[in-house]
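Next comes coords30.pdb, with PDB, C-alpha atoms.
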```pdb
ATOM      1  CA  MET A 831     155.369  80.036 103.236
ATOM      2  CA  ARG A 832     154.150  83.106 101.436
ATOM      3  CA  PHE A 833     152.030  80.864  99.173
ATOM      4  CA  LYS A 834     150.427  79.163 102.212
ATOM      5  CA  PHE A 835     149.570  82.562 103.714
ATOM      6  CA  LYS A 836     147.959  83.751 100.443
ATOM      7  CA  ALA A 837     146.040  80.477 100.110
ATOM      8  CA  ALA A 838     144.833  80.712 103.709
ATOM      9  CA  MET A 839     143.757  84.337 103.170
ATOM     10  CA  LEU A 840     141.927  83.412  99.960
ATOM     11  CA  ILE A 841     140.073  80.610 101.741
ATOM     12  CA  ALA A 842     139.207  82.891 104.667
ATOM     13  CA  VAL A 843     137.910  85.690 102.416
ATOM     14  CA  THR A 844     135.916  83.247 100.258
ATOM     15  CA  THR A 845     134.387  81.630 103.338
ATOM     16  CA  PHE A 846     133.512  85.054 104.758
ATOM     17  CA  LEU A 847     131.851  86.159 101.512
ATOM     18  CA  LEU A 848     129.872  82.952 101.134
ATOM     19  CA  THR A 849     128.624  82.986 104.715
ATOM     20  CA  SER A 850     127.770  86.689 104.643
ATOM     21  CA  CYS A 851     125.577  86.124 101.573
ATOM     22  CA  SER A 852     123.643  83.299 103.201
ATOM     23  CA  ASN A 853     120.371  83.728 105.064
ATOM     24  CA  GLU A 854     121.361  85.483 108.300
ATOM     25  CA  LYS A 855     118.643  83.987 110.489
ATOM     26  CA  GLY A 856     118.924  80.511 109.057
ATOM     27  CA  THR A 857     115.242  80.546 108.079
ATOM     28  CA  SER A 858     114.051  78.645 105.088
ATOM     29  CA  ALA A 859     112.505  80.265 102.054
ATOM     30  CA  VAL A 860     108.835  81.213 102.362
ATOM     31  CA  ASP A 861     106.419  79.017 100.379
ATOM     32  CA  MET A 862     104.558  81.873  98.667
ATOM     33  CA  ASP A 863     101.853  79.599  97.214
ATOM     34  CA  ALA A 864     101.005  78.282 100.680
ATOM     35  CA  VAL A 865     101.050  81.787 102.169
ATOM     36  CA  LYS A 866      98.791  83.084  99.384
ATOM     37  CA  LYS A 867      96.286  80.270 100.023
ATOM     38  CA  GLU A 868      96.347  80.955 103.752
ATOM     39  CA  ILE A 869      95.866  84.718 103.365
ATOM     40  CA  GLN A 870      93.123  84.283 100.735
ATOM     41  CA  ALA A 871      91.332  81.874 103.098
ATOM     42  CA  MET A 872      91.522  84.560 105.798
ATOM     43  CA  GLU A 873      90.060  87.122 103.366
ATOM     44  CA  ASP A 874      87.262  84.709 102.417
ATOM     45  CA  ALA A 875      86.455  84.073 106.104
ATOM     46  CA  TYR A 876      86.476  87.836 106.731
ATOM     47  CA  ALA A 877      84.025  88.386 103.847
ATOM     48  CA  ALA A 878      81.730  85.569 105.017
ATOM     49  CA  ALA A 879      81.688  86.909 108.586
ATOM     50  CA  GLU A 880      81.032  90.428 107.293
ATOM     51  CA  LYS A 881      78.142  89.173 105.138
ATOM     52  CA  ALA A 882      76.738  87.318 108.176
ATOM     53  CA  LYS A 883      77.121  90.536 110.207
ATOM     54  CA  ASP A 884      79.271  88.688 112.761
ATOM     55  CA  ALA A 885      81.691  91.292 114.117
ATOM     56  CA  GLU A 886      83.294  88.748 116.469
ATOM     57  CA  LYS A 887      84.321  86.478 113.589
ATOM     58  CA  VAL A 888      85.520  89.425 111.495
ATOM     59  CA  ALA A 889      87.637  90.612 114.432
ATOM     60  CA  ALA A 890      89.346  87.182 114.577
ATOM     61  CA  TYR A 891      91.317  88.430 111.547
ATOM     62  CA  TYR A 892      93.095  91.027 113.711
ATOM     63  CA  SER A 893      95.773  90.940 116.404
ATOM     64  CA  ASP A 894      94.953  92.501 119.777
ATOM     65  CA  ASP A 895      97.245  95.441 118.945
ATOM     66  CA  ALA A 896      95.980  95.965 115.393
ATOM     67  CA  ILE A 897      95.254  99.352 113.888
ATOM     68  CA  GLY A 898      92.761  99.692 111.064
ATOM     69  CA  TYR A 899      92.849 102.662 108.715
ATOM     70  CA  GLY A 900      89.506 102.629 106.940
ATOM     71  CA  ARG A 901      87.735 104.794 104.442
ATOM     72  CA  ASN A 902      86.206 108.002 105.780
ATOM     73  CA  ARG A 903      86.945 107.374 109.466
ATOM     74  CA  ALA A 904      89.612 107.863 112.107
ATOM     75  CA  PRO A 905      92.050 105.002 112.739
ATOM     76  CA  GLU A 906      90.670 102.241 114.948
ATOM     77  CA  VAL A 907      93.284 101.280 117.523
ATOM     78  CA  GLY A 908      93.135  97.778 118.985
ATOM     79  CA  LYS A 909      91.061  94.721 118.193
ATOM     80  CA  THR A 910      88.325  95.805 120.607
ATOM     81  CA  ALA A 911      87.912  99.210 118.930
ATOM     82  CA  ILE A 912      87.918  97.597 115.486
ATOM     83  CA  LYS A 913      85.273  95.085 116.565
ATOM     84  CA  GLU A 914      83.044  97.750 118.177
ATOM     85  CA  SER A 915      83.232 100.030 115.148
ATOM     86  CA  LEU A 916      82.601  97.135 112.813
ATOM     87  CA  ALA A 917      79.594  95.951 114.853
ATOM     88  CA  LYS A 918      78.041  99.439 114.576
ATOM     89  CA  ARG A 919      78.643  99.604 110.818
ATOM     90  CA  LEU A 920      77.266  96.098 110.255
ATOM     91  CA  ALA A 921      74.165  96.796 112.373
ATOM     92  CA  ALA A 922      73.500 100.062 110.525
ATOM     93  CA  ASP A 923      73.865  98.497 107.071
ATOM     94  CA  THR A 924      70.483  97.630 105.586
ATOM     95  CA  THR A 925      71.590  97.388 101.942
ATOM     96  CA  GLY A 926      72.394  93.686 101.887
ATOM     97  CA  ASN A 927      75.582  94.544 100.003
ATOM     98  CA  TYR A 928      78.600  92.339 100.546
ATOM     99  CA  ASN A 929      82.309  92.496  99.810
ATOM    100  CA  VAL A 930      84.592  90.177  97.867
ATOM    101  CA  TYR A 931      88.314  90.309  98.691
ATOM    102  CA  LYS A 932      91.121  89.103  96.456
ATOM    103  CA  VAL A 933      94.845  88.792  97.105
ATOM    104  CA  VAL A 934      96.640  90.717  94.341
ATOM    105  CA  ASP A 935     100.234  90.630  95.550
ATOM    106  CA  LEU A 936     102.180  89.337  98.544
ATOM    107  CA  PHE A 937     105.549  90.137 100.022
ATOM    108  CA  ALA A 938     106.790  87.767 102.723
ATOM    109  CA  GLU A 939     109.864  87.283 104.828
ATOM    110  CA  GLY A 940     110.141  85.168 107.928
ATOM    111  CA  ASP A 941     106.959  85.576 109.969
ATOM    112  CA  MET A 942     105.832  88.768 108.221
ATOM    113  CA  VAL A 943     103.582  89.199 105.191
ATOM    114  CA  VAL A 944     102.355  92.307 103.400
ATOM    115  CA  GLU A 945      99.298  91.797 101.235
ATOM    116  CA  ILE A 946      98.046  94.093  98.503
ATOM    117  CA  GLY A 947      94.455  93.221  97.732
ATOM    118  CA  SER A 948      91.383  94.381  95.909
ATOM    119  CA  TRP A 949      87.839  94.534  97.190
ATOM    120  CA  THR A 950      84.553  94.787  95.355
ATOM    121  CA  GLU A 951      81.297  95.724  97.041
ATOM    122  CA  MET A 952      78.425  93.856  95.426
ATOM    123  CA  SER A 953      74.683  94.391  95.658
ATOM    124  CA  PRO A 954      72.377  91.471  96.514
ATOM    125  CA  ALA A 955      71.557  91.368  92.777
ATOM    126  CA  GLY A 956      75.247  90.810  91.998
ATOM    127  CA  THR A 957      76.054  94.223  90.507
ATOM    128  CA  GLU A 958      79.159  96.171  91.465
ATOM    129  CA  VAL A 959      78.494  99.046  93.875
ATOM    130  CA  ASP A 960      82.037 100.129  94.720
ATOM    131  CA  LYS A 961      85.574  98.826  94.435
ATOM    132  CA  GLY A 962      88.978  99.593  95.792
ATOM    133  CA  HIS A 963      92.246  98.324  97.185
ATOM    134  CA  TYR A 964      93.697  97.542 100.563
ATOM    135  CA  MET A 965      97.021  96.775 102.146
ATOM    136  CA  SER A 966      97.359  94.484 105.148
ATOM    137  CA  TYR A 967     100.420  93.699 107.228
ATOM    138  CA  PHE A 968     100.407  90.293 108.938
ATOM    139  CA  GLN A 969     102.603  88.679 111.554
ATOM    140  CA  LYS A 970     102.609  84.996 112.385
ATOM    141  CA  ARG A 971     101.789  84.670 116.066
ATOM    142  CA  ASP A 972     101.203  81.366 117.831
ATOM    143  CA  GLY A 973     101.440  79.556 114.505
ATOM    144  CA  LYS A 974      98.907  81.596 112.522
ATOM    145  CA  TYR A 975      98.860  84.893 110.698
ATOM    146  CA  VAL A 976      96.977  87.830 112.184
ATOM    147  CA  CYS A 977      96.506  91.265 110.687
ATOM    148  CA  VAL A 978      98.450  93.907 112.585
ATOM    149  CA  ARG A 979      97.774  96.892 110.306
ATOM    150  CA  ASP A 980      95.419  97.437 107.425
ATOM    151  CA  MET A 981      94.344 100.289 105.207
ATOM    152  CA  SER A 982      91.617 100.477 102.583
ATOM    153  CA  VAL A 983      90.715 102.980  99.869
ATOM    154  CA  SER A 984      87.996 103.235  97.242
ATOM    155  CA  SER A 985      88.918 103.445  93.594
ATOM    156  CA  ASN A 986      85.764 105.399  92.783
ATOM    157  CA  PRO A 987      85.453 109.161  93.148
ATOM    158  CA  VAL A 988      83.502 110.466  96.118
ATOM    159  CA  LYS A 989      79.855 111.041  95.252
ATOM    160  CA  PRO A 990      78.640 114.618  95.864
TER     161      PRO A 990
END
```
I'd like the structure from this file rewritten - as structure tokens, please.
Amino acid sequence: MRFKFKAAMLIAVTTFLLTSCSNEKGTSAVDMDAVKKEIQAMEDAYAAAEKAKDAEKVAAYYSDDAIGYGRNRAPEVGKTAIKESLAKRLAADTTGNYNVYKVVDLFAEGDMVVEIGSWTEMSPAGTEVDKGHYMSYFQKRDGKYVCVRDMSVSSNPVKP
């Protein structure tokens, strides 16, 4: 009888350990290649909309409750504020410069993704004007990723 009790305890402990190490939510592993393609496509669409000076299409990148932390400006709270600020910046820009965005690293779990990316500002002649990095936090809502928070910094020193 003592042997049966020890065997039952061993089975119970083993079962507990195995189930506690499994995925708690029962979600499947994230296909990082697919996520990277999806996020890079979003970055490419963002860049194309920016180049076309289409603030509405750029704002499609963001959730309604997004907050953008950009270079040399106060945080922009909400998709509407981001879109309005972006429209002003795009309208004021007469340089013809454009940005290229590249996914550098991704961290994903469930419906959340954090992207580390690089950006390069290019002149119409194709020369580098500025460069930097950004971090964006995405959530999957209604079947697609939207940016909930983002932050961008330049890698170049501030010009006097």
Provide the CA of Ser966 in chain A to CA of Ala859 in chain A distance in Å, to one decimal place.
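About the pair CA of Ser966 in chain A and CA of Ala859 in chain A: they are 21.0 Å apart.
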Give me, as a PDB file with C-alpha atoms, keeping the file's coordinate frame, all polymer residues having an atom no more than 8 Å from range 948-959 of chain A, counting all atoms listed in the file and skipping those fewer than 3 positions away in the same chain.
```pdb
ATOM      1  CA  THR A 925      71.590  97.388 101.942  1.00  0.00           C
ATOM      2  CA  GLY A 926      72.394  93.686 101.887  1.00  0.00           C
ATOM      3  CA  ASN A 927      75.582  94.544 100.003  1.00  0.00           C
ATOM      4  CA  TYR A 928      78.600  92.339 100.546  1.00  0.00           C
ATOM      5  CA  ASN A 929      82.309  92.496  99.810  1.00  0.00           C
ATOM      6  CA  VAL A 930      84.592  90.177  97.867  1.00  0.00           C
ATOM      7  CA  TYR A 931      88.314  90.309  98.691  1.00  0.00           C
ATOM      8  CA  LYS A 932      91.121  89.103  96.456  1.00  0.00           C
ATOM      9  CA  VAL A 933      94.845  88.792  97.105  1.00  0.00           C
ATOM     10  CA  VAL A 934      96.640  90.717  94.341  1.00  0.00           C
ATOM     11  CA  GLY A 962      88.978  99.593  95.792  1.00  0.00           C
ATOM     12  CA  HIS A 963      92.246  98.324  97.185  1.00  0.00           C
ATOM     13  CA  TYR A 964      93.697  97.542 100.563  1.00  0.00           C
TER      14      TYR A 964
END
```
Name the residues in contact with range 973-979 of chain A at a cut-off of 7 Å, using only C-alpha atoms, excluding same-chain residues fewer than 6 positions from it; report them as a PyMOL selection string.
chain A and resi 891-893+895-898+966-967
I need the residue nearest Met872 in chain A from this list: A:Val944, A:Leu936, A:Val888, A:Val860. Use all atoms listed in the file for the distance.
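Once distances to Met872 in chain A are computed over all atoms listed in the file, the minimum belongs to A:Val888.
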What's around Ile912 in chain A at 10 Å? Count only C-alpha atoms, leave out sequence neighbours fewer than 2 positions away in its own chain, and write the answer as a ChimeraX atom specification.
/A:885,888-889,892,894,896-899,905-910,914-917
Using all atoms listed in the file for the distances, tell me which of A:Met862, A:Met981, A:Ala871, A:Ala938 is nearest to Arg901 in chain A.
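The answer is A:Met981, which sits nearest to Arg901 in chain A.
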CA of Glu880 in chain A to CA of Arg919 in chain A, straight-line distance in Å
10.1 Å
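Taking CA of Glu886 in chain A and CA of Met965 in chain A as endpoints, the distance between them is 21.4 Å.
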Given 8 Å on each side, where is the centre and what are the edge lengths in Å to one decimal of the axis-aligned box enclosing the listed atoms of range 973-984 of chain A, as JSON?
```
{"center_x": 94.7, "center_y": 91.4, "center_z": 105.9, "size_x": 29.4, "size_y": 39.7, "size_z": 33.3}
```
